[in-house]
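Enquirer: As input, take data02.cif (mmCIF, C-alpha atoms):
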data_my_file
loop_
_atom_site.label_atom_id
_atom_site.label_comp_id
_atom_site.auth_asym_id
_atom_site.auth_seq_id
_atom_site.Cartn_x
_atom_site.Cartn_y
_atom_site.Cartn_z
CA MET A 1 -49.52 -21.13 75.96
CA PRO A 2 -49.12 -24.85 76.92
CA TYR A 3 -51.03 -27.24 74.71
CA GLY A 4 -53.34 -28.39 77.52
CA ARG A 5 -54.44 -24.86 78.34
CA HIS A 6 -54.88 -24.14 74.65
CA ARG A 7 -57.26 -27.10 74.33
CA ILE A 8 -59.22 -26.08 77.43
CA ARG A 9 -59.60 -22.50 76.22
CA THR A 10 -60.72 -23.67 72.81
CA ALA A 11 -63.25 -26.06 74.31
CA VAL A 12 -64.66 -23.43 76.65
CA VAL A 13 -65.02 -20.86 73.90
CA GLY A 14 -66.59 -23.45 71.62
CA ALA A 15 -69.06 -24.66 74.21
CA VAL A 16 -70.21 -21.19 75.16
CA LEU A 17 -70.50 -20.03 71.58
CA ALA A 18 -72.37 -23.12 70.50
CA ALA A 19 -74.85 -22.77 73.37
CA ALA A 20 -75.66 -19.12 72.74
CA ALA A 21 -77.49 -17.26 70.01
CA LEU A 22 -74.40 -15.26 69.23
CA ALA A 23 -76.18 -11.96 68.51
CA GLY A 24 -74.94 -12.07 64.95
CA CYS A 25 -71.89 -14.30 65.31
CA THR A 26 -73.48 -17.55 64.16
CA SER A 27 -75.54 -18.59 61.20
CA ALA A 28 -78.54 -19.05 63.48
CA SER A 29 -78.91 -15.37 64.32
CA PRO A 30 -78.28 -11.94 62.82
CA ASP A 31 -74.67 -11.52 61.83
CA PRO A 32 -72.28 -8.99 63.40
CA GLY A 33 -69.86 -6.37 62.23
CA SER A 34 -66.65 -7.28 60.43
CA ALA A 35 -63.02 -7.03 59.56
CA ALA A 36 -60.96 -6.70 56.30
CA ALA A 37 -58.81 -8.67 52.29
CA PRO A 38 -56.13 -9.01 49.74
CA ALA A 39 -56.17 -6.43 47.02
CA ARG A 40 -57.59 -7.97 43.93
CA LYS A 41 -59.80 -6.46 41.32
CA ALA A 42 -63.41 -7.24 42.09
CA THR A 43 -66.36 -6.66 39.83
CA PRO A 44 -69.68 -6.54 41.69
CA THR A 45 -72.30 -8.98 40.51
CA PRO A 46 -74.90 -6.98 38.54
CA THR A 47 -78.22 -6.74 40.32
CA PRO A 48 -81.47 -5.92 38.49
CA THR A 49 -82.73 -2.52 39.51
CA PRO A 50 -86.33 -2.62 40.74
CA THR A 51 -88.59 0.38 41.15
CA GLN A 52 -86.57 2.95 43.01
CA THR A 53 -87.68 4.59 46.22
CA PRO A 54 -87.41 8.38 46.39
CA THR A 55 -83.81 9.48 46.76
CA PRO A 56 -82.88 11.59 49.78
CA THR A 57 -83.45 15.31 49.51
CA PRO A 58 -79.93 16.75 49.23
CA ALA A 59 -78.79 18.59 52.31
CA PRO A 60 -77.99 22.25 51.89
CA ALA A 61 -74.46 22.78 50.63
CA SER A 62 -72.94 24.46 53.66
CA ARG A 63 -69.53 24.30 55.27
CA TRP A 64 -68.53 21.00 56.84
CA ASP A 65 -68.40 21.29 60.63
CA VAL A 66 -65.22 19.81 62.14
CA SER A 67 -66.44 20.55 65.68
CA PRO A 68 -70.02 19.23 66.03
CA ALA A 69 -71.81 19.80 69.32
CA SER A 70 -73.20 16.27 69.50
CA VAL A 71 -72.72 12.81 67.96
CA ALA A 72 -75.22 10.03 67.24
CA ALA A 73 -74.09 6.61 66.00
CA VAL A 74 -76.12 4.10 63.97
CA GLY A 75 -75.14 0.70 62.64
CA ASP A 76 -74.36 -2.79 63.88
CA SER A 77 -72.32 -4.73 66.44
CA VAL A 78 -69.02 -3.08 65.55
CA THR A 79 -70.40 0.27 66.74
CA ARG A 80 -71.77 -1.49 69.84
CA ALA A 81 -68.25 -2.89 70.48
CA PHE A 82 -69.64 -6.42 70.71
CA ASP A 83 -67.16 -8.89 72.25
CA ALA A 84 -64.63 -6.11 72.85
CA CYS A 85 -64.80 -6.44 76.65
CA SER A 86 -66.47 -9.75 77.49
CA LEU A 87 -67.95 -12.78 75.78
CA LEU A 88 -71.24 -12.33 73.91
CA ALA A 89 -71.89 -8.82 75.19
CA ASP A 90 -72.04 -5.30 73.84
CA CYS A 91 -69.50 -2.92 75.37
CA PRO A 92 -70.65 0.56 74.28
CA GLU A 93 -68.11 2.27 76.52
CA ALA A 94 -65.45 0.88 74.16
CA SER A 95 -67.26 1.93 70.96
CA TRP A 96 -65.15 3.68 68.33
CA ALA A 97 -67.99 6.16 67.79
CA THR A 98 -69.37 7.17 71.19
CA GLY A 99 -67.39 5.26 73.82
CA THR A 100 -66.12 6.75 77.06
CA ASP A 101 -63.06 4.50 77.52
CA PRO A 102 -59.97 6.75 77.34
CA ALA A 103 -57.93 3.83 76.01
CA VAL A 104 -60.15 3.75 72.91
CA ASN A 105 -60.36 7.55 72.64
CA SER A 106 -63.56 7.39 70.65
CA LEU A 107 -64.68 9.85 68.03
CA ALA A 108 -67.07 11.48 70.51
CA LEU A 109 -64.31 11.85 73.11
CA ARG A 110 -62.06 13.50 70.54
CA LEU A 111 -64.75 15.85 69.22
CA LEU A 112 -66.69 16.69 72.39
CA GLY A 113 -64.29 16.17 75.29
CA ALA A 114 -64.74 13.84 78.25
CA ASP A 115 -67.01 16.19 80.19
CA ARG A 116 -69.59 16.42 77.38
CA VAL A 117 -69.74 12.90 75.98
CA ALA A 118 -72.41 11.46 78.29
CA GLY A 119 -74.98 14.16 77.62
CA ASN A 120 -74.21 14.81 73.96
CA SER A 121 -73.68 11.43 72.29
CA TRP A 122 -76.01 8.51 71.63
CA ASN A 123 -75.18 4.98 70.49
CA LEU A 124 -78.29 3.82 68.60
CA ALA A 125 -76.65 0.93 66.76
CA ARG A 126 -77.84 -2.65 67.30
CA SER A 127 -75.83 -5.84 67.21
CA GLY A 128 -76.91 -8.00 64.29
CA ALA A 129 -78.47 -5.10 62.35
CA ARG A 130 -78.54 -5.08 58.57
CA ALA A 131 -79.16 -2.17 56.23
CA ALA A 132 -82.92 -2.70 56.41
CA ALA A 133 -82.79 -1.55 60.06
CA LEU A 134 -81.00 1.68 59.20
CA PRO A 135 -84.04 3.92 58.47
CA GLU A 136 -85.53 3.21 61.91
CA GLN A 137 -82.20 3.81 63.62
CA MET A 138 -81.75 7.03 61.67
CA ALA A 139 -85.20 8.23 62.71
CA ARG A 140 -84.17 7.83 66.33
CA ALA A 141 -80.94 9.68 65.61
CA ALA A 142 -82.76 12.52 63.85
CA ALA A 143 -84.96 13.00 66.93
CA LYS A 144 -81.82 13.95 68.87
CA ARG A 145 -81.00 16.72 66.37
CA PRO A 146 -77.33 15.69 66.36
CA GLY A 147 -74.50 17.72 64.90
CA LEU A 148 -72.96 14.56 63.45
CA VAL A 149 -74.26 11.06 62.68
CA THR A 150 -71.87 8.17 62.13
CA VAL A 151 -72.94 5.22 59.96
CA MET A 152 -71.32 1.80 59.86
CA ILE A 153 -73.53 -0.85 58.23
CA GLY A 154 -73.31 -3.61 55.66
CA ALA A 155 -71.14 -6.38 57.12
CA ASN A 156 -74.19 -8.34 58.26
CA ASP A 157 -75.73 -7.95 54.80
CA ALA A 158 -72.78 -9.82 53.31
CA CYS A 159 -72.06 -12.06 56.28
CA ARG A 160 -74.86 -14.63 55.95
CA PRO A 161 -74.81 -18.42 56.28
CA THR A 162 -74.31 -18.66 52.49
CA PRO A 163 -73.81 -16.12 49.68
CA ALA A 164 -77.38 -16.75 48.51
CA GLY A 165 -78.64 -15.00 51.64
CA MET A 166 -76.73 -11.76 51.08
CA THR A 167 -78.79 -8.60 50.77
CA PRO A 168 -79.28 -7.62 47.10
CA VAL A 169 -77.41 -4.46 46.18
CA ALA A 170 -80.61 -2.69 45.10
CA ASP A 171 -82.22 -3.39 48.49
CA PHE A 172 -79.12 -2.16 50.26
CA ARG A 173 -79.27 1.06 48.26
CA ARG A 174 -82.95 1.62 49.03
CA SER A 175 -82.36 1.19 52.75
CA PHE A 176 -79.45 3.63 52.82
CA GLU A 177 -81.29 6.20 50.74
CA ALA A 178 -84.36 5.89 52.96
CA ALA A 179 -82.20 6.35 56.05
CA LEU A 180 -80.64 9.56 54.75
CA ALA A 181 -84.03 10.86 53.66
CA ARG A 182 -85.38 10.21 57.15
CA LEU A 183 -82.49 12.11 58.71
CA ARG A 184 -82.96 15.08 56.40
CA LYS A 185 -86.65 15.29 57.31
CA ASP A 186 -85.99 16.10 60.98
CA ALA A 187 -82.32 17.07 61.09
CA PRO A 188 -81.51 18.73 57.75
CA GLU A 189 -78.26 20.29 59.01
CA ALA A 190 -76.76 17.16 60.55
CA ARG A 191 -73.41 16.10 59.13
CA VAL A 192 -72.99 12.42 58.28
CA TYR A 193 -69.85 10.29 58.35
CA VAL A 194 -70.17 6.97 56.49
CA ALA A 195 -67.63 4.21 57.14
CA SER A 196 -66.97 1.67 54.41
CA VAL A 197 -67.82 -1.99 54.95
CA PRO A 198 -64.71 -3.88 56.13
CA ASP A 199 -63.11 -6.39 53.78
CA LEU A 200 -64.20 -9.79 55.06
CA HIS A 201 -61.85 -11.60 52.73
CA ARG A 202 -58.84 -10.12 54.48
CA LEU A 203 -60.26 -11.37 57.79
CA TRP A 204 -60.36 -14.89 56.36
CA ASP A 205 -56.81 -14.57 55.04
CA THR A 206 -55.58 -13.23 58.40
CA GLY A 207 -57.02 -15.96 60.61
CA ARG A 208 -57.31 -19.12 58.51
CA ALA A 209 -53.90 -20.53 59.51
CA ASP A 210 -54.61 -20.43 63.27
CA PRO A 211 -56.25 -23.61 64.67
CA LEU A 212 -57.95 -21.72 67.52
CA VAL A 213 -59.43 -19.16 65.16
CA ARG A 214 -60.70 -21.90 62.86
CA ARG A 215 -62.26 -23.72 65.81
CA VAL A 216 -64.31 -20.65 66.67
CA TRP A 217 -65.24 -19.88 63.07
CA GLU A 218 -66.44 -23.46 62.58
CA LEU A 219 -69.29 -22.74 64.98
CA GLY A 220 -70.95 -20.67 62.27
CA VAL A 221 -69.22 -17.29 62.28
CA CYS A 222 -69.92 -15.55 58.96
CA GLY A 223 -70.44 -18.74 57.00
CA SER A 224 -70.61 -17.04 53.62
CA MET A 225 -66.94 -16.07 53.92
CA LEU A 226 -65.40 -18.07 56.77
CA ALA A 227 -66.85 -21.56 56.32
CA ASP A 228 -64.21 -24.22 55.53
CA PRO A 229 -61.36 -21.73 55.92
CA LEU A 230 -58.68 -24.16 54.73
CA ASP A 231 -60.55 -25.11 51.55
CA LEU A 232 -58.73 -23.54 48.60
CA GLY A 233 -60.73 -25.35 45.95
CA ALA A 234 -62.42 -23.60 43.05
CA ALA A 235 -65.91 -23.65 44.59
CA ALA A 236 -64.71 -22.19 47.89
CA GLU A 237 -62.74 -19.51 46.08
CA ARG A 238 -65.80 -18.57 44.00
CA ARG A 239 -67.86 -18.32 47.19
CA ARG A 240 -65.37 -16.01 48.88
CA THR A 241 -64.99 -13.90 45.75
CA ALA A 242 -68.78 -13.48 45.54
CA VAL A 243 -68.86 -12.19 49.11
CA ARG A 244 -65.99 -9.79 48.56
CA ASP A 245 -67.57 -8.53 45.34
CA ARG A 246 -70.80 -7.85 47.21
CA VAL A 247 -68.94 -5.87 49.87
CA VAL A 248 -67.29 -3.84 47.09
CA ALA A 249 -70.73 -3.18 45.60
CA TYR A 250 -72.12 -2.07 48.96
CA ASN A 251 -69.24 0.37 49.34
CA GLU A 252 -69.92 1.78 45.89
CA VAL A 253 -73.51 2.43 46.98
CA LEU A 254 -72.39 4.12 50.19
CA ALA A 255 -69.95 6.33 48.28
CA LYS A 256 -72.41 7.38 45.55
CA VAL A 257 -75.41 8.04 47.79
CA CYS A 258 -73.27 9.94 50.27
CA ALA A 259 -71.72 12.03 47.48
CA ALA A 260 -75.19 13.22 46.48
CA ASP A 261 -75.74 14.68 49.95
CA GLY A 262 -74.08 18.02 50.59
CA LEU A 263 -73.35 17.23 54.24
CA CYS A 264 -72.16 13.64 53.98
CA ARG A 265 -68.58 12.35 53.99
CA TYR A 266 -67.66 8.81 52.98
CA ASP A 267 -64.41 7.47 54.38
CA GLY A 268 -63.00 6.83 50.91
CA GLY A 269 -62.63 3.12 51.62
CA ALA A 270 -60.43 3.63 54.69
CA VAL A 271 -62.08 0.93 56.80
CA PHE A 272 -62.29 -1.47 53.86
CA GLY A 273 -58.59 -1.02 53.20
CA PHE A 274 -57.46 -1.21 56.81
CA ARG A 275 -55.57 -4.37 57.82
CA PHE A 276 -57.09 -5.74 61.01
CA ASP A 277 -54.45 -8.18 62.20
CA ALA A 278 -55.00 -10.63 65.07
CA SER A 279 -53.94 -8.07 67.68
CA LEU A 280 -56.87 -5.86 66.70
CA LEU A 281 -59.53 -8.59 66.87
CA SER A 282 -61.53 -9.85 69.83
CA THR A 283 -60.05 -13.04 71.27
CA TRP A 284 -63.60 -14.16 72.03
CA ASP A 285 -64.66 -14.55 68.40
CA TRP A 286 -61.70 -13.50 66.18
CA PHE A 287 -64.17 -11.46 64.19
CA HIS A 288 -65.12 -8.21 65.93
CA PRO A 289 -62.58 -5.48 66.71
CA SER A 290 -60.93 -5.59 70.12
CA ARG A 291 -60.53 -2.43 72.18
CA ASP A 292 -57.37 -1.71 70.19
CA GLY A 293 -59.28 -2.34 66.98
CA GLN A 294 -61.99 0.07 68.10
CA ALA A 295 -59.31 2.68 68.77
CA ARG A 296 -58.03 2.31 65.22
CA LEU A 297 -61.55 2.80 63.83
CA ALA A 298 -61.84 5.97 65.91
CA GLU A 299 -58.57 7.25 64.45
CA LEU A 300 -59.72 6.62 60.87
CA ALA A 301 -63.04 8.39 61.48
CA TYR A 302 -61.51 11.38 63.25
CA ARG A 303 -58.96 11.86 60.48
CA ARG A 304 -61.66 11.96 57.80
CA ILE A 305 -64.15 14.07 59.73
CA THR A 306 -61.62 16.77 60.63
CA GLU A 307 -60.21 17.13 57.14
CA LYS A 308 -60.56 20.70 55.90
#
How would this structure read if it were set down as structure tokens?
Expert:
Amino acid sequence: MPYGRHRIRTAVVGAVLAAAALAGCTSASPDPGSAAAPARKATPTPTPTPTQTPTPTPAPASRWDVSPASVAAVGDSVTRAFDACSLLADCPEASWATGTDPAVNSLALRLLGADRVAGNSWNLARSGARAAALPEQMARAAAKRPGLVTVMIGANDACRPTPAGMTPVADFRRSFEAALARLRKDAPEARVYVASVPDLHRLWDTGRADPLVRRVWELGVCGSMLADPLDLGAAAERRRTAVRDRVVAYNEVLAKVCAADGLCRYDGGAVFGFRFDASLLSTWDWFHPSRDGQARLAELAYRRITEK
């Protein structure tokens, strides 16, 4: 792309992003979904454990259903396919979980078939949602009596303006436990697929060398991880490590709580470990998955859900 056009595109993107309340893409509003980071041993920061809420009632230990009759999706902007089709807009037809776009070949399309998706799948996720919103979303999902519920949450809990604003691990656990308990109250036989939180550090490492990407990130995208992307000083490295450690801790919670439920499958860290390169990210914000990125998420989910 000629330099002049590059500058114009950067300026346009910057002006639009700066003028809007980015539905989770800037530090001034709820933060969006995420992406992925280099493999290095991370030890989650210990969090004091307050009084625990009741844990979910375990689902009956019955056979996993690889062919559910319906699919409900809860979570954040990644499941809404934010910025996958146009600037600052959800694009649920391109959602990895319930989308109808054949190019994405969503989980619902694979499991239900094109003729049954519209009447038998529900995208109840919300752009900008954090774990605290999950119980309410799950209540809405339970009312549909779905065969399968997909969960992708946690990126916004880590992706705050600064690490100090990240959701405490204990609060994250309470929200996830409450959400599963709410599902079991009205839909005890529903299967649950839980995606891991993507590795935000890998996103930083993937995009930090590109001037256009940095220009967009400078507008406030996921400040806790992506602020000052070229700063390799000790303080910046400690900040990024703290965010990655918190994501690791969230994934440990998702894995352990899901394991206690007889009808829940965690993805085993598949999304966390997946390398979202630039071709799989939205060119509007270099943060959310593109249509191709959504298709890869659908593949990961389908592989895990259909395992015998």
Enquirer: Can you find the residues with an atom no farther than 9 Å from (-67.4, 5.2, 71.4), counting only C-alpha atoms, and report them as a list in words?
Expert: Ala73, Thr79, Arg80, Ala81, Pro92, Glu93, Ala94, Ser95, Trp96, Ala97, Thr98, Gly99, Thr100, Asp101, Val104, Asn105, Ser106, Leu107, Ala108, Leu109, Ser121, Asn123, Gln294, Ala295 and Ala298 of chain A
Enquirer: Which residue, A:Leu230, A:Asp292, A:Arg304, A:Val71, has the smallest gap to Pro102 in chain A when you use only C-alpha atoms?
Expert: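 With only C-alpha atoms as the atom set, the closest residue is A:Asp292.
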Enquirer: Applied to this file, what does the PyMOL selection byres ((chain A and resi 186) around 12) return in terms of residues, put as a ChimeraX atom specification?
Expert: /A:57,59,138-146,179-185,187-190
Enquirer: Would you work out the distance separating CA of Phe276 in chain A from CA of Pro289 in chain A, expressed in Å to one decimal?
Expert: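 If I compute the distance from CA of Phe276 in chain A to CA of Pro289 in chain A, I get 7.9 Å.
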Enquirer: To verify the selection step, state as a PyMOL selection string which residues the PyMOL selection byres ((chain A and resi 160) around 8) yields on this input.
Expert: chain A and resi 27+31+156-159+161-163+165-166+222-224
Enquirer: Using the chain letters and numbers from the file, give me the residues hit by the PyMOL selection byres ((chain A and resi 196) around 6), as an MDAnalysis selection string.
Expert: chainID A and resid 195 197 251 269 271:272
Enquirer: Could you write out that same residue set with C-alpha atoms as an mmCIF file, in the coordinates of the input?
Expert:
data_model
loop_
_atom_site.group_PDB
_atom_site.id
_atom_site.type_symbol
_atom_site.label_atom_id
_atom_site.label_comp_id
_atom_site.auth_asym_id
_atom_site.auth_seq_id
_atom_site.Cartn_x
_atom_site.Cartn_y
_atom_site.Cartn_z
ATOM 1 C CA ALA A 195 -67.630 4.210 57.140
ATOM 2 C CA VAL A 197 -67.820 -1.990 54.950
ATOM 3 C CA ASN A 251 -69.240 0.370 49.340
ATOM 4 C CA GLY A 269 -62.630 3.120 51.620
ATOM 5 C CA VAL A 271 -62.080 0.930 56.800
ATOM 6 C CA PHE A 272 -62.290 -1.470 53.860
#
Enquirer: With distances taken over only C-alpha atoms, which of A:Leu203, A:Leu280, A:Val257, A:Ala209 is nearest to Ala155 in chain A?
Expert: A:Leu203
Enquirer: What gap, in Å, lies between CA of Ser86 in chain A and CA of Arg291 in chain A?
Expert: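 CA of Arg291 in chain A lies at a distance of 10.8 Å from CA of Ser86 in chain A.
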Enquirer: So what do you get for CA of Glu177 in chain A versus CA of Leu134 in chain A, distance-wise?
Expert: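 It comes out at 9.6 Å.
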Enquirer: Considering only C-alpha atoms, state which residue in the set A:Val213, A:Ala170, A:Val221, A:Leu232 is at the smallest distance from Leu200 in chain A.
Expert: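 Once distances to Leu200 in chain A are computed over only C-alpha atoms, the minimum belongs to A:Val221.
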Enquirer: Would you mind telling me which residue in A:Leu88, A:Val117, A:Leu124, A:Leu300 lies nearest to Val151 in chain A when using all atoms listed in the file?
Expert: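 Comparing A:Leu88, A:Val117, A:Leu124, A:Leu300 against Val151 in chain A, the winner is A:Leu124.
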Enquirer: Identify which of the residues A:Ile305, A:Met225, A:Asp285, A:Ala131 lies closest to Ala242 in chain A, counting all atoms listed in the file when measuring atom-to-atom distances.
Expert: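 Among the listed residues, the smallest separation from Ala242 in chain A belongs to A:Met225.
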Enquirer: Taking only C-alpha atoms into account, name the residue in A:Val243, A:Val66, A:Ala114, A:Val192 that is nearest to Asp267 in chain A.
Expert: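 Using only C-alpha atoms, the shortest distance to Asp267 in chain A belongs to A:Val192.
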